[in-house]
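Next up, model-v1.csv (CSV, C-alpha atoms):
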chain,number,residue,atom,x,y,z
A,210,MET,CA,-4.9,-6.5,21.0
A,211,LEU,CA,-5.3,-2.8,20.4
A,212,GLN,CA,-4.5,-1.1,17.1
A,213,VAL,CA,-4.4,2.7,17.0
A,214,ILE,CA,-4.9,4.7,13.9
A,215,PRO,CA,-6.3,8.2,13.3
A,216,GLY,CA,-9.4,7.3,11.2
A,217,LEU,CA,-11.0,4.4,9.4
A,218,ASP,CA,-11.8,5.9,6.0
A,219,THR,CA,-9.7,4.7,3.1
A,220,GLY,CA,-6.0,3.9,2.7
A,221,GLY,CA,-3.5,1.1,3.0
A,222,ALA,CA,-2.9,1.4,6.8
A,223,GLU,CA,-6.6,1.4,7.4
A,224,ARG,CA,-7.2,-1.6,5.3
A,225,THR,CA,-4.4,-3.4,6.9
A,226,THR,CA,-5.9,-2.6,10.3
A,227,LEU,CA,-9.1,-4.4,9.3
A,228,ASP,CA,-7.2,-7.3,7.9
A,229,ILE,CA,-5.3,-7.8,11.1
A,230,ALA,CA,-8.5,-7.4,13.2
A,231,ALA,CA,-10.1,-10.1,11.1
A,232,GLY,CA,-7.2,-12.4,11.6
A,233,LEU,CA,-7.2,-11.9,15.4
A,234,VAL,CA,-10.9,-12.6,15.6
A,235,ARG,CA,-10.6,-15.8,13.5
A,236,ARG,CA,-8.2,-17.3,16.0
A,237,GLY,CA,-10.2,-16.3,19.0
A,238,ASP,CA,-8.4,-13.1,20.1
A,239,ARG,CA,-10.1,-9.8,20.9
A,240,ALA,CA,-9.5,-7.1,18.2
A,241,LEU,CA,-9.8,-3.5,19.5
A,242,VAL,CA,-9.2,-0.5,17.3
A,243,ALA,CA,-8.8,3.0,18.8
A,244,SER,CA,-9.7,5.6,16.2
A,245,ALA,CA,-12.0,8.5,15.3
A,246,GLY,CA,-13.9,6.0,13.1
A,247,GLY,CA,-15.0,6.5,9.5
A,248,ARG,CA,-16.6,4.7,6.6
A,249,LEU,CA,-14.8,1.4,7.4
A,250,GLU,CA,-16.1,1.2,11.0
A,251,GLY,CA,-19.1,-0.8,9.9
A,252,GLU,CA,-16.9,-3.3,8.2
A,253,LEU,CA,-14.8,-3.5,11.3
A,254,ALA,CA,-17.9,-4.4,13.3
A,255,ARG,CA,-18.9,-7.0,10.8
A,256,LEU,CA,-15.5,-8.6,11.1
A,257,GLY,CA,-15.9,-8.9,14.8
A,258,GLY,CA,-13.6,-6.0,15.7
A,259,GLU,CA,-14.5,-3.4,18.3
A,260,LEU,CA,-14.1,0.4,17.9
A,261,ILE,CA,-12.9,2.5,20.8
A,262,ARG,CA,-13.7,6.0,19.5
A,263,MET,CA,-11.0,8.6,20.2
A,264,PRO,CA,-9.9,11.8,18.4
A,265,LEU,CA,-6.5,10.3,17.6
A,266,GLY,CA,-5.8,12.4,14.5
A,267,ALA,CA,-5.1,15.5,16.5
A,268,LYS,CA,-1.4,16.6,16.4
A,269,ASN,CA,-1.5,19.3,19.0
A,270,PRO,CA,0.8,18.3,21.9
A,271,LEU,CA,-1.9,18.8,24.5
A,272,ASP,CA,-4.3,16.6,22.5
A,273,ILE,CA,-1.5,13.9,22.2
A,274,VAL,CA,-1.2,14.0,26.0
A,275,LEU,CA,-4.9,13.8,26.6
A,276,ASN,CA,-5.1,10.9,24.1
A,277,ALA,CA,-2.3,9.1,26.0
A,278,VAL,CA,-4.5,9.3,29.2
A,279,ARG,CA,-7.5,8.0,27.3
A,280,LEU,CA,-5.5,5.1,25.8
A,281,ARG,CA,-4.0,4.1,29.1
A,282,ARG,CA,-7.5,3.9,30.6
A,283,ALA,CA,-8.6,1.8,27.6
A,284,VAL,CA,-5.6,-0.5,27.9
A,285,GLU,CA,-6.3,-1.1,31.6
A,286,ALA,CA,-10.1,-1.3,31.2
A,287,HIS,CA,-9.9,-3.9,28.4
A,288,GLY,CA,-6.9,-5.9,29.6
A,289,VAL,CA,-4.9,-5.1,26.5
A,290,ASP,CA,-1.8,-7.3,25.9
A,291,ILE,CA,-0.2,-5.3,23.1
A,292,VAL,CA,-0.7,-1.9,21.5
A,293,HIS,CA,0.1,-1.6,17.8
A,294,ALA,CA,0.4,2.0,16.4
A,295,ARG,CA,0.1,2.7,12.7
A,296,SER,CA,0.4,6.5,12.5
A,297,ARG,CA,2.6,9.1,14.1
A,298,ALA,CA,0.3,11.3,16.2
A,299,PRO,CA,-1.6,8.4,17.8
A,300,ALA,CA,1.7,6.5,18.1
A,301,TRP,CA,3.0,9.2,20.5
A,302,SER,CA,-0.1,8.8,22.6
A,303,ALA,CA,0.2,5.1,22.5
A,304,TYR,CA,3.9,5.2,23.4
A,305,PHE,CA,3.3,7.2,26.6
A,306,ALA,CA,0.2,5.1,27.5
A,307,CYS,CA,2.2,1.8,27.1
A,308,ARG,CA,5.1,3.1,29.2
A,309,ALA,CA,2.6,4.0,31.9
A,310,ALA,CA,0.7,0.7,31.7
A,311,ALA,CA,3.8,-1.5,31.2
A,312,VAL,CA,2.3,-2.9,28.0
A,313,PRO,CA,4.3,-3.8,24.8
A,314,PHE,CA,4.3,-1.1,22.1
A,315,VAL,CA,4.6,-2.2,18.5
A,316,THR,CA,4.8,0.1,15.4
A,317,THR,CA,4.4,-0.3,11.7
A,318,TYR,CA,6.3,2.1,9.4
A,319,HIS,CA,3.7,2.3,6.6
A,320,GLY,CA,5.2,5.1,4.5
A,321,ILE,CA,8.3,7.2,3.7
A,322,TYR,CA,7.9,10.2,6.0
A,323,ALA,CA,9.5,13.5,4.9
A,324,GLU,CA,12.1,14.7,7.4
A,325,LYS,CA,12.7,18.5,7.1
A,326,GLY,CA,14.5,19.7,10.2
A,327,ARG,CA,15.1,18.2,13.7
A,328,ALA,CA,11.6,18.7,14.9
A,329,LYS,CA,10.0,16.7,12.1
A,330,ARG,CA,12.7,14.0,12.5
A,331,PHE,CA,11.9,13.7,16.2
A,332,TYR,CA,8.2,13.6,15.5
A,333,ASN,CA,8.7,10.8,13.0
A,334,SER,CA,11.0,8.9,15.3
A,335,VAL,CA,8.1,7.5,17.4
A,336,MET,CA,7.5,5.0,14.6
A,337,ALA,CA,11.0,3.6,15.3
A,338,ARG,CA,10.4,3.4,19.1
A,339,GLY,CA,8.4,0.2,19.2
A,340,GLU,CA,9.5,-2.8,21.2
A,341,ARG,CA,9.1,-4.3,17.7
A,342,VAL,CA,9.2,-2.2,14.6
A,343,ILE,CA,7.5,-3.5,11.4
A,344,ALA,CA,8.4,-2.2,8.0
A,345,ASN,CA,6.1,-2.7,5.0
A,346,SER,CA,9.1,-3.5,2.7
A,347,ALA,CA,12.8,-4.2,2.8
A,348,TYR,CA,13.3,-0.7,1.2
A,349,THR,CA,11.4,0.9,4.1
A,350,ALA,CA,13.3,-1.2,6.6
A,351,ASP,CA,16.6,0.0,5.2
A,352,LEU,CA,15.5,3.6,5.4
A,353,VAL,CA,14.4,3.2,9.0
A,354,ALA,CA,17.6,1.6,10.0
A,355,GLU,CA,19.7,4.3,8.4
A,356,ARG,CA,17.6,7.2,9.8
A,357,TYR,CA,17.4,6.0,13.4
A,358,GLY,CA,20.4,3.8,13.9
A,359,ILE,CA,18.4,0.6,14.5
A,360,ARG,CA,20.0,-2.7,13.6
A,361,ARG,CA,18.5,-3.9,10.3
A,362,ARG,CA,17.9,-7.4,11.7
A,363,ASP,CA,15.8,-5.9,14.5
A,364,ILE,CA,13.2,-4.6,12.0
A,365,ALA,CA,10.6,-7.0,10.9
A,366,VAL,CA,9.7,-6.8,7.2
A,367,ILE,CA,6.1,-7.7,6.7
A,368,HIS,CA,4.9,-6.7,3.2
A,369,ARG,CA,1.5,-5.2,2.8
A,370,GLY,CA,-1.1,-7.8,1.9
A,371,THR,CA,-3.2,-8.0,-1.3
A,372,ASP,CA,-6.5,-9.8,-1.2
A,373,LEU,CA,-5.9,-12.5,-3.8
A,374,THR,CA,-9.6,-13.6,-3.8
A,375,HIS,CA,-10.5,-10.0,-4.9
A,376,PHE,CA,-7.7,-9.7,-7.3
A,377,ASP,CA,-8.4,-12.9,-9.3
A,378,PRO,CA,-8.9,-12.7,-13.0
A,379,ASP,CA,-11.3,-15.7,-12.9
A,380,ALA,CA,-13.5,-13.8,-10.4
A,381,VAL,CA,-14.2,-10.8,-12.6
A,382,ALA,CA,-17.5,-11.2,-14.4
A,383,SER,CA,-17.9,-9.7,-17.9
A,384,GLU,CA,-20.7,-7.4,-16.6
A,385,ARG,CA,-18.1,-5.6,-14.5
A,386,ARG,CA,-15.8,-5.1,-17.5
A,387,ASN,CA,-18.7,-3.9,-19.7
A,388,ALA,CA,-19.8,-1.4,-17.1
A,389,LEU,CA,-16.3,0.2,-17.0
A,390,ARG,CA,-16.0,0.2,-20.8
A,391,LYS,CA,-19.3,2.1,-21.0
A,392,ALA,CA,-18.2,4.5,-18.3
A,393,TRP,CA,-14.9,5.1,-20.1
A,394,GLY,CA,-16.3,5.3,-23.6
A,395,LEU,CA,-14.3,2.3,-24.9
A,396,SER,CA,-15.4,-0.1,-27.6
A,397,GLY,CA,-13.4,-3.1,-26.3
A,398,SER,CA,-11.1,-3.3,-29.3
A,399,GLU,CA,-8.5,-0.8,-27.9
A,400,THR,CA,-5.0,-1.7,-26.7
A,401,VAL,CA,-5.3,-0.5,-23.1
A,402,VAL,CA,-2.4,0.8,-21.0
A,403,LEU,CA,-3.6,1.4,-17.5
A,404,ASN,CA,-2.2,3.5,-14.7
A,405,VAL,CA,-4.0,3.3,-11.4
A,406,ALA,CA,-2.8,6.1,-9.0
A,407,ARG,CA,-4.1,9.2,-7.4
A,408,LEU,CA,-3.4,12.3,-9.5
A,409,THR,CA,-0.3,13.8,-7.9
A,410,ALA,CA,2.9,14.8,-9.6
A,411,TRP,CA,5.1,12.2,-7.9
A,412,LYS,CA,3.0,9.4,-9.3
A,413,GLY,CA,4.4,10.4,-12.7
A,414,GLN,CA,1.3,10.5,-14.9
A,415,TYR,CA,2.9,13.2,-17.0
A,416,VAL,CA,5.8,10.9,-17.8
A,417,LEU,CA,3.4,8.3,-19.2
A,418,ILE,CA,1.7,11.0,-21.3
A,419,ASP,CA,5.0,11.9,-22.8
A,420,ALA,CA,5.8,8.2,-23.4
A,421,ALA,CA,2.5,7.8,-25.3
A,422,ALA,CA,3.5,10.6,-27.7
A,423,LEU,CA,6.8,8.8,-28.5
A,424,PRO,CA,7.5,5.8,-30.8
A,425,PRO,CA,7.1,2.9,-30.5
A,426,LEU,CA,3.9,3.7,-28.5
A,427,ALA,CA,2.9,6.5,-30.8
A,428,ASP,CA,2.9,4.0,-33.7
A,429,ILE,CA,0.2,1.8,-32.2
A,430,PRO,CA,-3.1,2.9,-33.9
A,431,ASP,CA,-5.5,1.6,-31.3
A,432,LEU,CA,-3.6,2.6,-28.2
A,433,MET,CA,-5.6,3.9,-25.2
A,434,VAL,CA,-3.8,5.1,-22.1
A,435,VAL,CA,-6.2,5.2,-19.2
A,436,LEU,CA,-5.2,7.3,-16.2
A,437,ALA,CA,-7.4,6.2,-13.3
A,438,GLY,CA,-7.3,8.2,-10.1
A,439,ASP,CA,-8.8,11.0,-8.1
A,440,ASP,CA,-7.1,14.3,-8.1
A,441,GLN,CA,-8.0,14.7,-4.3
A,442,GLY,CA,-8.4,18.4,-4.7
A,443,ARG,CA,-5.3,18.9,-7.0
A,444,ALA,CA,-7.3,20.5,-9.8
A,445,GLY,CA,-4.3,22.4,-11.0
A,446,TYR,CA,-2.3,19.2,-11.6
A,447,ARG,CA,-5.3,17.6,-13.4
A,448,ARG,CA,-5.5,20.7,-15.7
A,449,GLN,CA,-1.8,20.5,-16.4
A,450,LEU,CA,-2.3,16.9,-17.5
A,451,GLU,CA,-5.2,17.7,-19.7
A,452,GLN,CA,-3.3,20.6,-21.3
A,453,THR,CA,-0.3,18.3,-22.0
A,454,ILE,CA,-2.6,15.7,-23.6
A,455,ALA,CA,-4.1,18.4,-25.9
A,456,GLU,CA,-0.7,19.9,-26.8
A,457,LYS,CA,0.7,16.5,-27.8
A,458,GLY,CA,-2.3,15.7,-29.9
A,459,LEU,CA,-3.3,12.8,-27.6
A,460,ALA,CA,-7.0,13.6,-27.2
A,461,GLY,CA,-8.9,10.3,-27.4
A,462,ARG,CA,-5.7,8.3,-26.9
A,463,VAL,CA,-5.0,9.3,-23.3
A,464,VAL,CA,-8.1,9.7,-21.0
A,465,LEU,CA,-8.5,10.7,-17.3
A,466,VAL,CA,-11.3,8.6,-15.9
A,467,GLY,CA,-11.2,9.7,-12.2
A,468,HIS,CA,-11.4,7.3,-9.2
A,469,ILE,CA,-12.4,3.7,-9.8
A,470,GLU,CA,-13.9,1.4,-7.3
A,471,ASP,CA,-13.5,-1.8,-9.2
A,472,VAL,CA,-9.8,-2.0,-9.7
A,473,PRO,CA,-9.8,-5.8,-10.5
A,474,ALA,CA,-12.2,-5.2,-13.4
A,475,ALA,CA,-10.1,-2.3,-14.7
A,476,LEU,CA,-7.0,-4.5,-14.6
A,477,SER,CA,-8.8,-7.3,-16.3
A,478,MET,CA,-9.2,-5.0,-19.3
A,479,ALA,CA,-5.6,-3.9,-19.4
A,480,ASP,CA,-3.0,-5.1,-21.8
A,481,VAL,CA,-0.3,-3.6,-19.7
A,482,ALA,CA,-0.3,-1.8,-16.3
A,483,VAL,CA,2.1,1.0,-15.5
A,484,VAL,CA,3.5,2.4,-12.3
A,485,ALA,CA,5.2,5.6,-13.4
A,486,SER,CA,6.2,7.1,-10.0
A,487,VAL,CA,9.1,9.5,-9.9
A,488,ALA,CA,9.6,9.2,-6.1
A,489,PRO,CA,10.1,5.9,-4.2
A,490,GLU,CA,7.1,3.8,-3.3
A,491,ALA,CA,7.2,2.5,0.3
A,492,PHE,CA,5.5,-0.7,-0.9
A,493,GLY,CA,3.8,-0.3,-4.3
A,494,ARG,CA,0.3,-1.9,-4.1
A,495,ALA,CA,-0.6,-1.2,-7.7
A,496,ALA,CA,2.3,-3.4,-9.0
A,497,VAL,CA,1.3,-6.4,-6.9
A,498,GLU,CA,-2.4,-6.0,-7.8
A,499,ALA,CA,-1.5,-6.1,-11.5
A,500,GLU,CA,0.7,-9.2,-11.0
A,501,ALA,CA,-2.1,-10.9,-9.1
A,502,MET,CA,-4.4,-10.2,-12.1
A,503,GLY,CA,-1.8,-11.6,-14.4
A,504,VAL,CA,-1.2,-8.3,-16.2
A,505,PRO,CA,2.2,-7.4,-17.5
A,506,VAL,CA,3.5,-4.5,-15.5
A,507,VAL,CA,6.1,-1.8,-16.2
A,508,VAL,CA,7.4,0.1,-13.1
A,509,THR,CA,10.0,2.7,-12.4
A,510,ALA,CA,12.9,1.2,-10.5
A,511,LEU,CA,12.5,3.1,-7.3
A,512,GLY,CA,11.7,2.0,-3.7
A,513,ALA,CA,10.0,-1.3,-2.9
A,514,VAL,CA,8.6,-2.0,-6.4
A,515,THR,CA,12.0,-3.6,-7.2
A,516,GLU,CA,11.1,-6.2,-4.6
A,517,THR,CA,7.6,-6.9,-6.0
A,518,VAL,CA,8.4,-6.9,-9.7
A,519,LEU,CA,11.2,-9.3,-10.8
A,520,VAL,CA,13.5,-8.6,-13.7
A,521,PRO,CA,16.8,-9.7,-15.1
A,522,PRO,CA,19.7,-9.7,-14.0
A,523,ASP,CA,18.2,-10.1,-10.5
A,524,VAL,CA,16.4,-13.2,-11.8
A,525,PRO,CA,16.7,-15.3,-15.0
A,526,GLU,CA,14.6,-14.2,-17.9
A,527,SER,CA,12.5,-17.3,-17.3
A,528,GLU,CA,11.4,-15.7,-13.9
A,529,ARG,CA,10.7,-12.2,-15.1
A,530,THR,CA,7.3,-10.8,-13.9
A,531,GLY,CA,7.5,-7.4,-15.4
A,532,TRP,CA,9.8,-4.5,-16.5
A,533,HIS,CA,11.9,-1.9,-14.7
A,534,VAL,CA,12.6,1.5,-16.2
A,535,ALA,CA,14.5,4.6,-15.0
A,536,PRO,CA,12.2,7.2,-13.3
A,537,GLY,CA,11.2,10.2,-15.4
A,538,ASP,CA,12.4,8.6,-18.7
A,539,PRO,CA,9.5,8.6,-21.2
A,540,VAL,CA,11.7,7.1,-23.9
A,541,ALA,CA,12.5,4.1,-21.8
A,542,LEU,CA,8.9,3.8,-20.6
A,543,SER,CA,7.6,3.9,-24.2
A,544,SER,CA,10.0,1.2,-25.2
A,545,ALA,CA,9.3,-1.1,-22.2
A,546,ILE,CA,5.5,-0.8,-22.6
A,547,ALA,CA,5.8,-1.7,-26.3
A,548,GLU,CA,8.0,-4.7,-25.4
A,549,ALA,CA,5.3,-5.9,-23.0
A,550,LEU,CA,2.6,-5.4,-25.7
A,551,ALA,CA,4.7,-7.4,-28.2
A,552,LEU,CA,4.6,-10.6,-26.1
A,553,THR,CA,3.2,-13.6,-28.1
A,554,PRO,CA,0.1,-15.2,-26.6
A,555,GLY,CA,2.2,-18.0,-25.2
A,556,GLU,CA,4.8,-15.6,-23.7
A,557,ARG,CA,2.0,-13.6,-22.1
A,558,VAL,CA,0.4,-16.6,-20.5
A,559,ALA,CA,3.7,-17.7,-19.1
A,560,LEU,CA,4.5,-14.3,-17.7
A,561,SER,CA,1.0,-14.1,-16.2
A,562,ARG,CA,1.4,-17.4,-14.4
A,563,ARG,CA,4.8,-16.3,-13.0
A,564,ALA,CA,3.4,-13.0,-11.9
A,565,ARG,CA,0.4,-14.6,-10.1
A,566,ARG,CA,2.7,-17.0,-8.3
A,567,HIS,CA,5.0,-14.2,-7.2
A,568,ALA,CA,2.1,-12.1,-6.0
A,569,ALA,CA,1.1,-14.9,-3.6
A,570,ALA,CA,4.1,-13.9,-1.5
A,571,PHE,CA,2.3,-10.6,-0.8
A,572,SER,CA,-1.1,-12.0,0.1
A,573,VAL,CA,-3.3,-10.8,3.0
A,574,ALA,CA,-3.0,-14.3,4.5
A,575,ALA,CA,0.8,-14.1,4.5
A,576,MET,CA,0.8,-10.6,6.1
A,577,VAL,CA,-1.7,-11.6,8.8
A,578,ASP,CA,0.1,-14.8,9.7
A,579,ALA,CA,3.4,-12.9,10.0
A,580,THR,CA,1.9,-10.2,12.1
A,581,LEU,CA,0.2,-12.5,14.5
A,582,ALA,CA,3.3,-14.5,14.9
A,583,LEU,CA,5.2,-11.3,15.8
A,584,TYR,CA,2.5,-10.5,18.4
A,585,ASP,CA,2.9,-14.0,19.9
A,586,ASP,CA,6.7,-13.6,20.0
A,587,VAL,CA,6.4,-10.3,21.7
A,588,LEU,CA,4.3,-11.8,24.5
A,589,LEU,CA,6.3,-15.0,24.8
A,590,SER,CA,9.5,-12.9,25.2
A,591,ARG,CA,8.1,-11.2,28.2
A,592,PRO,CA,9.0,-12.9,31.5
A,593,GLY,CA,5.9,-14.6,33.0
A,594,HIS,CA,3.6,-13.5,30.2
A,595,ASN,CA,2.1,-16.3,28.0
A,596,ARG,CA,-0.2,-15.9,25.1
A,597,PRO,CA,-3.8,-15.4,26.1
A,598,ASP,CA,-5.8,-18.6,26.7
A,599,SER,CA,-8.5,-17.4,24.3
A,600,ALA,CA,-6.1,-17.6,21.4
A,601,GLY,CA,-6.3,-20.5,19.0
A,602,PRO,CA,-3.5,-22.7,17.9
Could you spell out this file's structure in structure tokens?
Amino acid sequence: MLQVIPGLDTGGAERTTLDIAAGLVRRGDRALVASAGGRLEGELARLGGELIRMPLGAKNPLDIVLNAVRLRRAVEAHGVDIVHARSRAPAWSAYFACRAAAVPFVTTYHGIYAEKGRAKRFYNSVMARGERVIANSAYTADLVAERYGIRRRDIAVIHRGTDLTHFDPDAVASERRNALRKAWGLSGSETVVLNVARLTAWKGQYVLIDAAALPPLADIPDLMVVLAGDDQGRAGYRRQLEQTIAEKGLAGRVVLVGHIEDVPAALSMADVAVVASVAPEAFGRAAVEAEAMGVPVVVTALGAVTETVLVPPDVPESERTGWHVAPGDPVALSSAIAEALALTPGERVALSRRARRHAAAFSVAAMVDATLALYDDVLLSRPGHNRPDSAGP
């Protein structure tokens, strides 16, 4: 099995690549990854995966053709049964290599790619050219079907997986929480509203700041809104947020703490988690991670988060796992956060239990099992091609 991806630094597609590699190795298959490498390549090796180093991030048409030649050679040299592409430029190279080598080509649509003009639409279309196309949510699958005229039933929805052993409230030691409190300058007595997202306008941090200045949130004396995320070079946007905080008199009540490595520890300190995005999420990892930690979560009703966070009338009140609000509406956001904060201890425990049960549907194990089953189905559907003997049951 060969997965292709530009690099192995950080990100959802990269983490999923490693999760699938680990699943393949566990059952006795060979897990190859073609990539330029990066900070995760050491972890890939520890998991038993093998890196085939290639400059697959290049988007120049000539480089794409050269990479197609390199990939075909790798496919033939290693006896690859399936190639799985997770990004557009390497997907084009893999598409041509698979056609030349007569090997199945699988793709995963990890994000919502912007389509401005015919050229960009054609470039994106390679992610819908797989013998099997995987979407990371039903929302993404609907989008792919609409854009490319694919029958919706021919798109496999395999939600991105969350490591439930990592996002487990019982696994977070007090020392980890204390370290974050010290880093953030918190006493531990605050009512914490947490937003974990990179600092970019579409993630809606400015909406949450506006909500914090409005009643009923403004009336909570010990409120602390923590915006945790790297600006990734968007210094101008960060300055805008800081200016808004100052103008609204929220200094000391809304803090920007930068990137955090220990997200479970951060969530374990949160009274409410917020996803304030003003554009659709293709999946919405932050919401599932909050649910896995048993934290009440308020999300904007856009994209795939409506699949991961359950609310009435879609489910009975007894099955609620969070709250939906309209995007870009600070009044509604302030009200929903306050409602979550007003839960009685018994109501909070019940909500947390429901949320954790629901999050189990989006586990790494569920994602890996579904993906490996799809690989097996691809091979078994090919005349005269059985699953490799090395594979386990």
- Task: Name the residues, using the chain letters and numbers of the file, that sit within 12 Å of (-13.7, 16.7, -11.4) when counting only C-alpha atoms, and give them as a list in words.
- Result: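 All residues meeting the 12 Å criterion around (-13.7, 16.7, -11.4) are Leu408, Gly438, Asp439, Asp440, Gln441, Gly442, Arg443, Ala444, Gly445, Tyr446, Arg447, Arg448, Glu451, Leu465, Val466, Gly467 and His468 of chain A.
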Export, as an mmCIF file, in the frame of the given file, the selected residues with C-alpha atoms.
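Result file is part.cif:
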data_model
loop_
_atom_site.group_PDB
_atom_site.id
_atom_site.type_symbol
_atom_site.label_atom_id
_atom_site.label_comp_id
_atom_site.auth_asym_id
_atom_site.auth_seq_id
_atom_site.Cartn_x
_atom_site.Cartn_y
_atom_site.Cartn_z
ATOM 1 C CA LEU A 408 -3.400 12.300 -9.500
ATOM 2 C CA GLY A 438 -7.300 8.200 -10.100
ATOM 3 C CA ASP A 439 -8.800 11.000 -8.100
ATOM 4 C CA ASP A 440 -7.100 14.300 -8.100
ATOM 5 C CA GLN A 441 -8.000 14.700 -4.300
ATOM 6 C CA GLY A 442 -8.400 18.400 -4.700
ATOM 7 C CA ARG A 443 -5.300 18.900 -7.000
ATOM 8 C CA ALA A 444 -7.300 20.500 -9.800
ATOM 9 C CA GLY A 445 -4.300 22.400 -11.000
ATOM 10 C CA TYR A 446 -2.300 19.200 -11.600
ATOM 11 C CA ARG A 447 -5.300 17.600 -13.400
ATOM 12 C CA ARG A 448 -5.500 20.700 -15.700
ATOM 13 C CA GLU A 451 -5.200 17.700 -19.700
ATOM 14 C CA LEU A 465 -8.500 10.700 -17.300
ATOM 15 C CA VAL A 466 -11.300 8.600 -15.900
ATOM 16 C CA GLY A 467 -11.200 9.700 -12.200
ATOM 17 C CA HIS A 468 -11.400 7.300 -9.200
#
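For the residues A:Ala455, A:Ser346, A:Ala541, A:Ile469, ranking by smallest atom-to-atom distance to Val514 of chain A using all atoms listed in the file places A:Ser346 first.
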- Message: Would you compute the distance between atom CA of Ile214 of chain A and atom CA of Thr316 of chain A? Give it in Å to one decimal.
- Response: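 Between these atoms lies a distance of 10.8 Å.
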- Task: Please provide the set of residues having any atom within 12 Å of Glu470 of chain A, restricted to only C-alpha atoms, with same-chain residues fewer than 4 positions apart removed, written as a list in words.
- Result: Thr219, Arg385, Ala388, Leu389, Val405, Ala437, Gly438, Asp439, Val466, Ala474, Ala475 and Leu476 of chain A
Residue selection dump (C-alpha atoms) as a short mmCIF file (atom, residue, chain, number, x, y, z; two decimals), in the frame of the given file:
data_model
loop_
_atom_site.label_atom_id
_atom_site.label_comp_id
_atom_site.auth_asym_id
_atom_site.auth_seq_id
_atom_site.Cartn_x
_atom_site.Cartn_y
_atom_site.Cartn_z
CA THR A 219 -9.70 4.70 3.10
CA ARG A 385 -18.10 -5.60 -14.50
CA ALA A 388 -19.80 -1.40 -17.10
CA LEU A 389 -16.30 0.20 -17.00
CA VAL A 405 -4.00 3.30 -11.40
CA ALA A 437 -7.40 6.20 -13.30
CA GLY A 438 -7.30 8.20 -10.10
CA ASP A 439 -8.80 11.00 -8.10
CA VAL A 466 -11.30 8.60 -15.90
CA ALA A 474 -12.20 -5.20 -13.40
CA ALA A 475 -10.10 -2.30 -14.70
CA LEU A 476 -7.00 -4.50 -14.60
#
- In Å to one decimal, how far is atom CA of Ala306 of chain A from atom CA of Arg281 of chain A?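 We find that atom CA of Arg281 of chain A and atom CA of Ala306 of chain A lie 4.6 Å from each other.
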- Task: Please measure the separation of atom CA of Gly339 of chain A and atom CA of Pro313 of chain A, giving the value in Å to one decimal.
- Result: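 We find that atom CA of Gly339 of chain A and atom CA of Pro313 of chain A lie 8.0 Å from each other.
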- Task: Have a look at A:Ala328, A:Asp290, A:Leu227, A:Gly394 and name the one nearest to Glu259 of chain A; count all atoms listed in the file.
- Result: A:Leu227
- Query: A:Val401, A:Val506, A:Val573, A:Leu581: which is nearest Thr225 of chain A, counting only C-alpha atoms?
  - Reply: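 Among A:Val401, A:Val506, A:Val573, A:Leu581, it is A:Val573 that comes nearest to Thr225 of chain A.
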- Task: Using only C-alpha atoms, pick whichever of A:Leu552, A:Val524, A:Leu542, A:Arg565 has the shortest atom-to-atom distance to Glu500 of chain A.
- Result: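 Among A:Leu552, A:Val524, A:Leu542, A:Arg565, it is A:Arg565 that comes nearest to Glu500 of chain A.
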- Within 8 Å of file point (15.8, 0.3, 12.9), counting all atoms listed in the file, expressed as a VMD selection string: chain A and resid 337 342 350 to 351 353 to 361 363 to 364
Would you output segment 425-434 of chain A from that structure, restricted to N, CA and C atoms, as a PDB file, in the first residue's frame?
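This is the output file out-v3.pdb:
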ATOM      1  N   PRO A 425     -25.400  37.704  27.814  1.00  0.00           N
ATOM      2  CA  PRO A 425     -25.109  37.465  29.240  1.00  0.00           C
ATOM      3  C   PRO A 425     -23.640  37.177  29.563  1.00  0.00           C
ATOM      4  N   LEU A 426     -22.773  36.964  28.562  1.00  0.00           N
ATOM      5  CA  LEU A 426     -21.373  36.656  28.884  1.00  0.00           C
ATOM      6  C   LEU A 426     -20.699  37.813  29.605  1.00  0.00           C
ATOM      7  N   ALA A 427     -21.012  39.037  29.185  1.00  0.00           N
ATOM      8  CA  ALA A 427     -20.376  40.197  29.803  1.00  0.00           C
ATOM      9  C   ALA A 427     -20.686  40.306  31.292  1.00  0.00           C
ATOM     10  N   ASP A 428     -21.744  39.643  31.730  1.00  0.00           N
ATOM     11  CA  ASP A 428     -22.165  39.723  33.138  1.00  0.00           C
ATOM     12  C   ASP A 428     -21.514  38.664  34.019  1.00  0.00           C
ATOM     13  N   ILE A 429     -20.685  37.806  33.435  1.00  0.00           N
ATOM     14  CA  ILE A 429     -20.013  36.763  34.220  1.00  0.00           C
ATOM     15  C   ILE A 429     -18.682  37.331  34.709  1.00  0.00           C
ATOM     16  N   PRO A 430     -18.537  37.591  36.014  1.00  0.00           N
ATOM     17  CA  PRO A 430     -17.372  38.348  36.506  1.00  0.00           C
ATOM     18  C   PRO A 430     -16.030  37.647  36.315  1.00  0.00           C
ATOM     19  N   ASP A 431     -16.012  36.313  36.397  1.00  0.00           N
ATOM     20  CA  ASP A 431     -14.729  35.612  36.327  1.00  0.00           C
ATOM     21  C   ASP A 431     -14.487  34.988  34.950  1.00  0.00           C
ATOM     22  N   LEU A 432     -15.177  35.470  33.919  1.00  0.00           N
ATOM     23  CA  LEU A 432     -15.043  34.904  32.582  1.00  0.00           C
ATOM     24  C   LEU A 432     -13.643  35.113  32.027  1.00  0.00           C
ATOM     25  N   MET A 433     -13.107  34.075  31.396  1.00  0.00           N
ATOM     26  CA  MET A 433     -11.829  34.168  30.687  1.00  0.00           C
ATOM     27  C   MET A 433     -11.989  33.438  29.357  1.00  0.00           C
ATOM     28  N   VAL A 434     -11.893  34.191  28.270  1.00  0.00           N
ATOM     29  CA  VAL A 434     -11.951  33.603  26.929  1.00  0.00           C
ATOM     30  C   VAL A 434     -10.520  33.405  26.453  1.00  0.00           C
TER      31      VAL A 434
END
